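Shown below: input-v1.cif, with mmCIF, C-alpha atoms.
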data_query
loop_
_atom_site.label_atom_id
_atom_site.label_comp_id
_atom_site.auth_asym_id
_atom_site.auth_seq_id
_atom_site.Cartn_x
_atom_site.Cartn_y
_atom_site.Cartn_z
CA MET A 1 86.99 45.02 99.44
CA THR A 2 89.76 43.23 101.22
CA SER A 3 93.38 43.78 100.32
CA ASN A 4 93.40 40.34 98.60
CA THR A 5 90.60 41.30 96.22
CA ILE A 6 91.28 42.70 92.79
CA SER A 7 88.44 44.56 91.12
CA TRP A 8 87.31 43.78 87.60
CA ASP A 9 87.73 47.45 86.69
CA SER A 10 91.40 47.43 87.67
CA ILE A 11 92.05 44.24 85.68
CA ARG A 12 90.22 45.62 82.63
CA ASP A 13 92.08 48.94 82.84
CA GLU A 14 95.41 47.15 83.07
CA VAL A 15 94.68 44.86 80.13
CA LEU A 16 93.26 47.66 77.97
CA ALA A 17 96.35 49.79 78.61
CA ASP A 18 98.03 47.68 75.90
CA PRO A 19 97.23 49.49 72.59
CA GLU A 20 96.98 46.24 70.62
CA VAL A 21 94.54 44.70 73.09
CA LYS A 22 92.53 47.94 73.17
CA ALA A 23 92.31 47.99 69.35
CA GLU A 24 91.02 44.40 69.28
CA TYR A 25 88.55 45.13 72.09
CA ASP A 26 87.24 48.21 70.26
CA ALA A 27 86.91 46.21 67.03
CA LEU A 28 84.43 43.91 68.80
CA GLU A 29 82.18 46.74 69.99
CA SER A 30 79.46 46.13 67.37
CA GLU A 31 79.24 42.44 68.32
CA PHE A 32 78.93 43.37 72.00
CA GLN A 33 76.22 45.92 71.22
CA CYS A 34 74.29 43.36 69.16
CA ALA A 35 74.51 40.88 72.02
CA LYS A 36 73.26 43.50 74.50
CA GLN A 37 70.29 44.29 72.25
CA VAL A 38 69.35 40.62 71.93
CA ILE A 39 69.55 40.22 75.71
CA ALA A 40 67.31 43.29 76.08
CA LEU A 41 64.79 41.76 73.64
CA ARG A 42 64.69 38.52 75.57
CA LYS A 43 64.35 40.28 78.91
CA ALA A 44 61.54 42.44 77.49
CA SER A 45 59.73 39.21 76.65
CA GLY A 46 60.10 38.06 80.27
CA LEU A 47 61.47 34.68 79.20
CA ASN A 48 64.61 32.72 79.99
CA GLN A 49 66.96 31.65 77.18
CA ARG A 50 65.39 28.22 76.72
CA ASP A 51 61.83 29.51 76.44
CA PHE A 52 62.73 32.50 74.28
CA ALA A 53 64.77 30.33 71.91
CA LYS A 54 61.81 27.97 71.57
CA LEU A 55 59.49 30.90 70.83
CA VAL A 56 61.92 32.24 68.22
CA GLY A 57 62.43 28.84 66.63
CA ILE A 58 66.13 28.44 67.35
CA LYS A 59 68.02 26.24 69.80
CA GLN A 60 69.02 27.58 73.22
CA PRO A 61 72.77 27.10 72.60
CA GLN A 62 72.51 29.30 69.50
CA LEU A 63 70.77 32.01 71.52
CA ALA A 64 73.48 31.71 74.19
CA ARG A 65 76.21 32.16 71.54
CA ILE A 66 74.43 35.26 70.20
CA GLU A 67 73.97 36.70 73.68
CA CYS A 68 77.61 36.26 74.63
CA GLY A 69 78.85 37.74 71.35
CA LYS A 70 80.35 34.55 69.94
CA GLN A 71 77.91 34.48 67.02
CA VAL A 72 76.69 37.44 64.99
CA PRO A 73 73.17 36.62 63.83
CA LYS A 74 72.01 36.94 60.25
CA ILE A 75 69.41 39.62 59.54
CA GLU A 76 66.75 36.89 59.27
CA THR A 77 67.60 35.65 62.76
CA LEU A 78 67.49 39.19 64.10
CA ALA A 79 64.06 39.55 62.53
CA LYS A 80 62.86 36.36 64.22
CA LEU A 81 64.20 37.56 67.56
CA ALA A 82 62.57 40.96 67.13
CA ARG A 83 59.23 39.56 65.98
CA SER A 84 59.13 37.13 68.88
CA ALA A 85 59.56 40.00 71.34
CA GLY A 86 57.04 42.21 69.51
CA TYR A 87 59.53 44.48 67.73
CA ASP A 88 60.55 45.36 64.18
CA VAL A 89 64.07 45.80 62.82
CA GLU A 90 65.46 49.20 61.87
CA ILE A 91 68.67 49.55 59.87
CA ARG A 92 70.58 52.82 59.98
CA PHE A 93 73.56 53.82 57.89
CA VAL A 94 75.81 56.29 59.67
CA ALA A 95 78.92 58.13 58.59
CA PRO A 96 82.16 57.33 60.42
CA LYS A 97 83.01 59.68 63.27
CA GLY A 98 84.46 62.93 62.02
CA LYS A 99 83.09 62.56 58.50
CA ARG A 100 80.21 64.59 57.22
CA SER A 101 77.80 63.05 54.81
CA HIS A 102 74.29 63.33 53.51
CA LYS A 103 71.73 62.02 55.91
CA VAL A 104 70.36 58.64 54.91
CA GLU A 105 66.96 57.84 56.34
CA PRO A 106 66.71 54.62 58.37
CA LEU A 107 65.19 51.56 56.79
CA ARG A 108 62.43 50.18 58.97
CA ILE A 109 61.31 46.69 58.06
CA SER A 110 58.54 44.78 59.70
CA ALA A 111 60.00 41.63 61.15
CA LYS A 112 57.28 39.72 59.28
CA GLU A 113 58.77 40.87 55.97
CA LEU A 114 62.21 39.49 56.78
CA VAL A 115 61.20 36.03 57.88
#

Reformat the file's structure so that it appears as structure tokens.
Amino acid sequence: MTSNTISWDSIRDEVLADPEVKAEYDALESEFQCAKQVIALRKASGLNQRDFAKLVGIKQPQLARIECGKQVPKIETLAKLARSAGYDVEIRFVAPKGKRSHKVEPLRISAKELV
């Protein structure tokens, strides 16, 4: 890197040093994780956004919004995405960090059942 270049990591670290910004960033973690999973589904199918959206039965801009975290999909949409990539949906309930609770078995639903 040249002396004029600023790395993304240094910018992120500087911005996230603000506790309020860090709290907001952390609050969005589940949306980011959902987006990453949808991207992984699409990539597993070997299709681009346009073709995968067509296969799923949604429009490409909607898929783009889901993949960038701007839209959290409904469970029915997640089921369509999963089914189109050859997967099912599994829902897990987990206790918050630091809390002990009874184990709740995951709910596995065939994507066909949700759509």

**Report entry** Radius query 9 Å about (74.7, 36.4, 71.5), atoms used: only C-alpha atoms, as a ChimeraX atom specification
**Finding:** /A:31-32,34-36,38-39,62-73

Query raised in the report: What gap, in Å, lies between CA of Phe93 in chain A and CA of Ser30 in chain A?
Result: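 If I compute the distance from CA of Phe93 in chain A to CA of Ser30 in chain A, I get 13.6 Å.
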
Report task. Select, counting all atoms listed in the file, all protein, DNA and RNA residues no farther than 10 Å from (66.9, 33.8, 63.3) in file coordinates, and express the selection as an NGL selection string. Result -> :A and (53 or 56-58 or 62-63 or 73-83 or 114-115)

Query raised in the report: Any idea what's packed within 9 Å of Arg92 in chain A, counting all atoms listed in the file, ignoring anything in its chain fewer than 4 positions away? Could you give it as a ChimeraX atom specification?
Result: /A:104-108

Taking the file as shown, what set of residues would the PyMOL selection byres ((chain A and resi 86) around 12) give back, as a PDB file with C-alpha atoms, in the coordinates of the input?
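Everything below was put into part36.pdb:
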ATOM      1  CA  LEU A  41      64.790  41.760  73.640  1.00  0.00           C
ATOM      2  CA  ARG A  42      64.690  38.520  75.570  1.00  0.00           C
ATOM      3  CA  ALA A  44      61.540  42.440  77.490  1.00  0.00           C
ATOM      4  CA  SER A  45      59.730  39.210  76.650  1.00  0.00           C
ATOM      5  CA  GLY A  46      60.100  38.060  80.270  1.00  0.00           C
ATOM      6  CA  LEU A  55      59.490  30.900  70.830  1.00  0.00           C
ATOM      7  CA  VAL A  56      61.920  32.240  68.220  1.00  0.00           C
ATOM      8  CA  ALA A  79      64.060  39.550  62.530  1.00  0.00           C
ATOM      9  CA  LYS A  80      62.860  36.360  64.220  1.00  0.00           C
ATOM     10  CA  LEU A  81      64.200  37.560  67.560  1.00  0.00           C
ATOM     11  CA  ALA A  82      62.570  40.960  67.130  1.00  0.00           C
ATOM     12  CA  ARG A  83      59.230  39.560  65.980  1.00  0.00           C
ATOM     13  CA  SER A  84      59.130  37.130  68.880  1.00  0.00           C
ATOM     14  CA  ALA A  85      59.560  40.000  71.340  1.00  0.00           C
ATOM     15  CA  TYR A  87      59.530  44.480  67.730  1.00  0.00           C
ATOM     16  CA  ASP A  88      60.550  45.360  64.180  1.00  0.00           C
ATOM     17  CA  VAL A  89      64.070  45.800  62.820  1.00  0.00           C
ATOM     18  CA  SER A 110      58.540  44.780  59.700  1.00  0.00           C
ATOM     19  CA  ALA A 111      60.000  41.630  61.150  1.00  0.00           C
ATOM     20  CA  LYS A 112      57.280  39.720  59.280  1.00  0.00           C
TER      21      LYS A 112
END

Rebuild range 76-87 of chain A to all heavy atoms - output it as a CSV table (one decimal), in the coordinates of the input, please.
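The new file result_9.csv reads:
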chain,number,residue,atom,x,y,z
A,76,GLU,N,68.0,37.7,59.1
A,76,GLU,CA,66.8,36.9,59.3
A,76,GLU,C,66.6,36.4,60.7
A,76,GLU,O,65.5,36.4,61.2
A,76,GLU,CB,66.8,35.7,58.3
A,76,GLU,CG,66.7,36.0,56.9
A,76,GLU,CD,68.1,36.3,56.2
A,76,GLU,OE1,69.1,36.3,57.0
A,76,GLU,OE2,68.1,36.7,55.1
A,77,THR,N,67.7,36.1,61.4
A,77,THR,CA,67.6,35.6,62.8
A,77,THR,C,67.3,36.8,63.6
A,77,THR,O,66.5,36.7,64.6
A,77,THR,CB,68.9,35.0,63.2
A,77,THR,OG1,69.2,33.9,62.3
A,77,THR,CG2,68.8,34.5,64.6
A,78,LEU,N,67.8,38.0,63.4
A,78,LEU,CA,67.5,39.2,64.1
A,78,LEU,C,66.0,39.5,64.0
A,78,LEU,O,65.3,39.9,64.9
A,78,LEU,CB,68.3,40.4,63.6
A,78,LEU,CG,69.8,40.5,64.1
A,78,LEU,CD1,70.5,41.6,63.4
A,78,LEU,CD2,69.9,40.6,65.6
A,79,ALA,N,65.5,39.3,62.8
A,79,ALA,CA,64.1,39.6,62.5
A,79,ALA,C,63.2,38.6,63.3
A,79,ALA,O,62.2,39.0,63.9
A,79,ALA,CB,63.7,39.4,61.0
A,80,LYS,N,63.6,37.3,63.4
A,80,LYS,CA,62.9,36.4,64.2
A,80,LYS,C,62.9,36.7,65.7
A,80,LYS,O,61.9,36.7,66.4
A,80,LYS,CB,63.5,35.0,64.1
A,80,LYS,CG,63.2,34.3,62.7
A,80,LYS,CD,63.9,32.9,62.8
A,80,LYS,CE,63.7,32.2,61.5
A,80,LYS,NZ,64.4,30.9,61.5
A,81,LEU,N,64.1,37.1,66.2
A,81,LEU,CA,64.2,37.6,67.6
A,81,LEU,C,63.3,38.8,67.8
A,81,LEU,O,62.6,38.8,68.8
A,81,LEU,CB,65.7,37.9,67.9
A,81,LEU,CG,66.6,36.7,67.9
A,81,LEU,CD1,68.1,37.2,67.7
A,81,LEU,CD2,66.5,35.9,69.2
A,82,ALA,N,63.4,39.7,67.0
A,82,ALA,CA,62.6,41.0,67.1
A,82,ALA,C,61.1,40.6,67.1
A,82,ALA,O,60.3,41.1,68.0
A,82,ALA,CB,62.9,42.0,66.0
A,83,ARG,N,60.7,39.9,66.1
A,83,ARG,CA,59.2,39.6,66.0
A,83,ARG,C,58.7,38.8,67.2
A,83,ARG,O,57.7,39.1,67.7
A,83,ARG,CB,59.0,38.7,64.7
A,83,ARG,CG,57.5,38.4,64.5
A,83,ARG,CD,57.2,37.6,63.3
A,83,ARG,NE,57.8,36.3,63.6
A,83,ARG,CZ,58.1,35.4,62.7
A,83,ARG,NH1,57.9,35.7,61.4
A,83,ARG,NH2,58.6,34.2,63.0
A,84,SER,N,59.5,37.9,67.7
A,84,SER,CA,59.1,37.1,68.9
A,84,SER,C,59.0,38.0,70.1
A,84,SER,O,58.2,37.6,71.0
A,84,SER,CB,60.1,36.0,69.2
A,84,SER,OG,60.2,35.1,68.1
A,85,ALA,N,59.7,39.1,70.2
A,85,ALA,CA,59.6,40.0,71.3
A,85,ALA,C,58.6,41.2,71.1
A,85,ALA,O,58.4,42.0,71.9
A,85,ALA,CB,60.9,40.5,71.7
A,86,GLY,N,58.0,41.2,69.9
A,86,GLY,CA,57.0,42.2,69.5
A,86,GLY,C,57.7,43.5,68.9
A,86,GLY,O,57.1,44.6,69.0
A,87,TYR,N,58.8,43.3,68.3
A,87,TYR,CA,59.5,44.5,67.7
A,87,TYR,C,59.7,44.3,66.2
A,87,TYR,O,59.6,43.2,65.7
A,87,TYR,CB,60.9,44.7,68.4
A,87,TYR,CG,60.8,45.2,69.8
A,87,TYR,CD1,60.6,44.3,70.9
A,87,TYR,CD2,61.0,46.5,70.1
A,87,TYR,CE1,60.5,44.8,72.2
A,87,TYR,CE2,60.9,47.0,71.4
A,87,TYR,CZ,60.7,46.1,72.4
A,87,TYR,OH,60.6,46.5,73.7
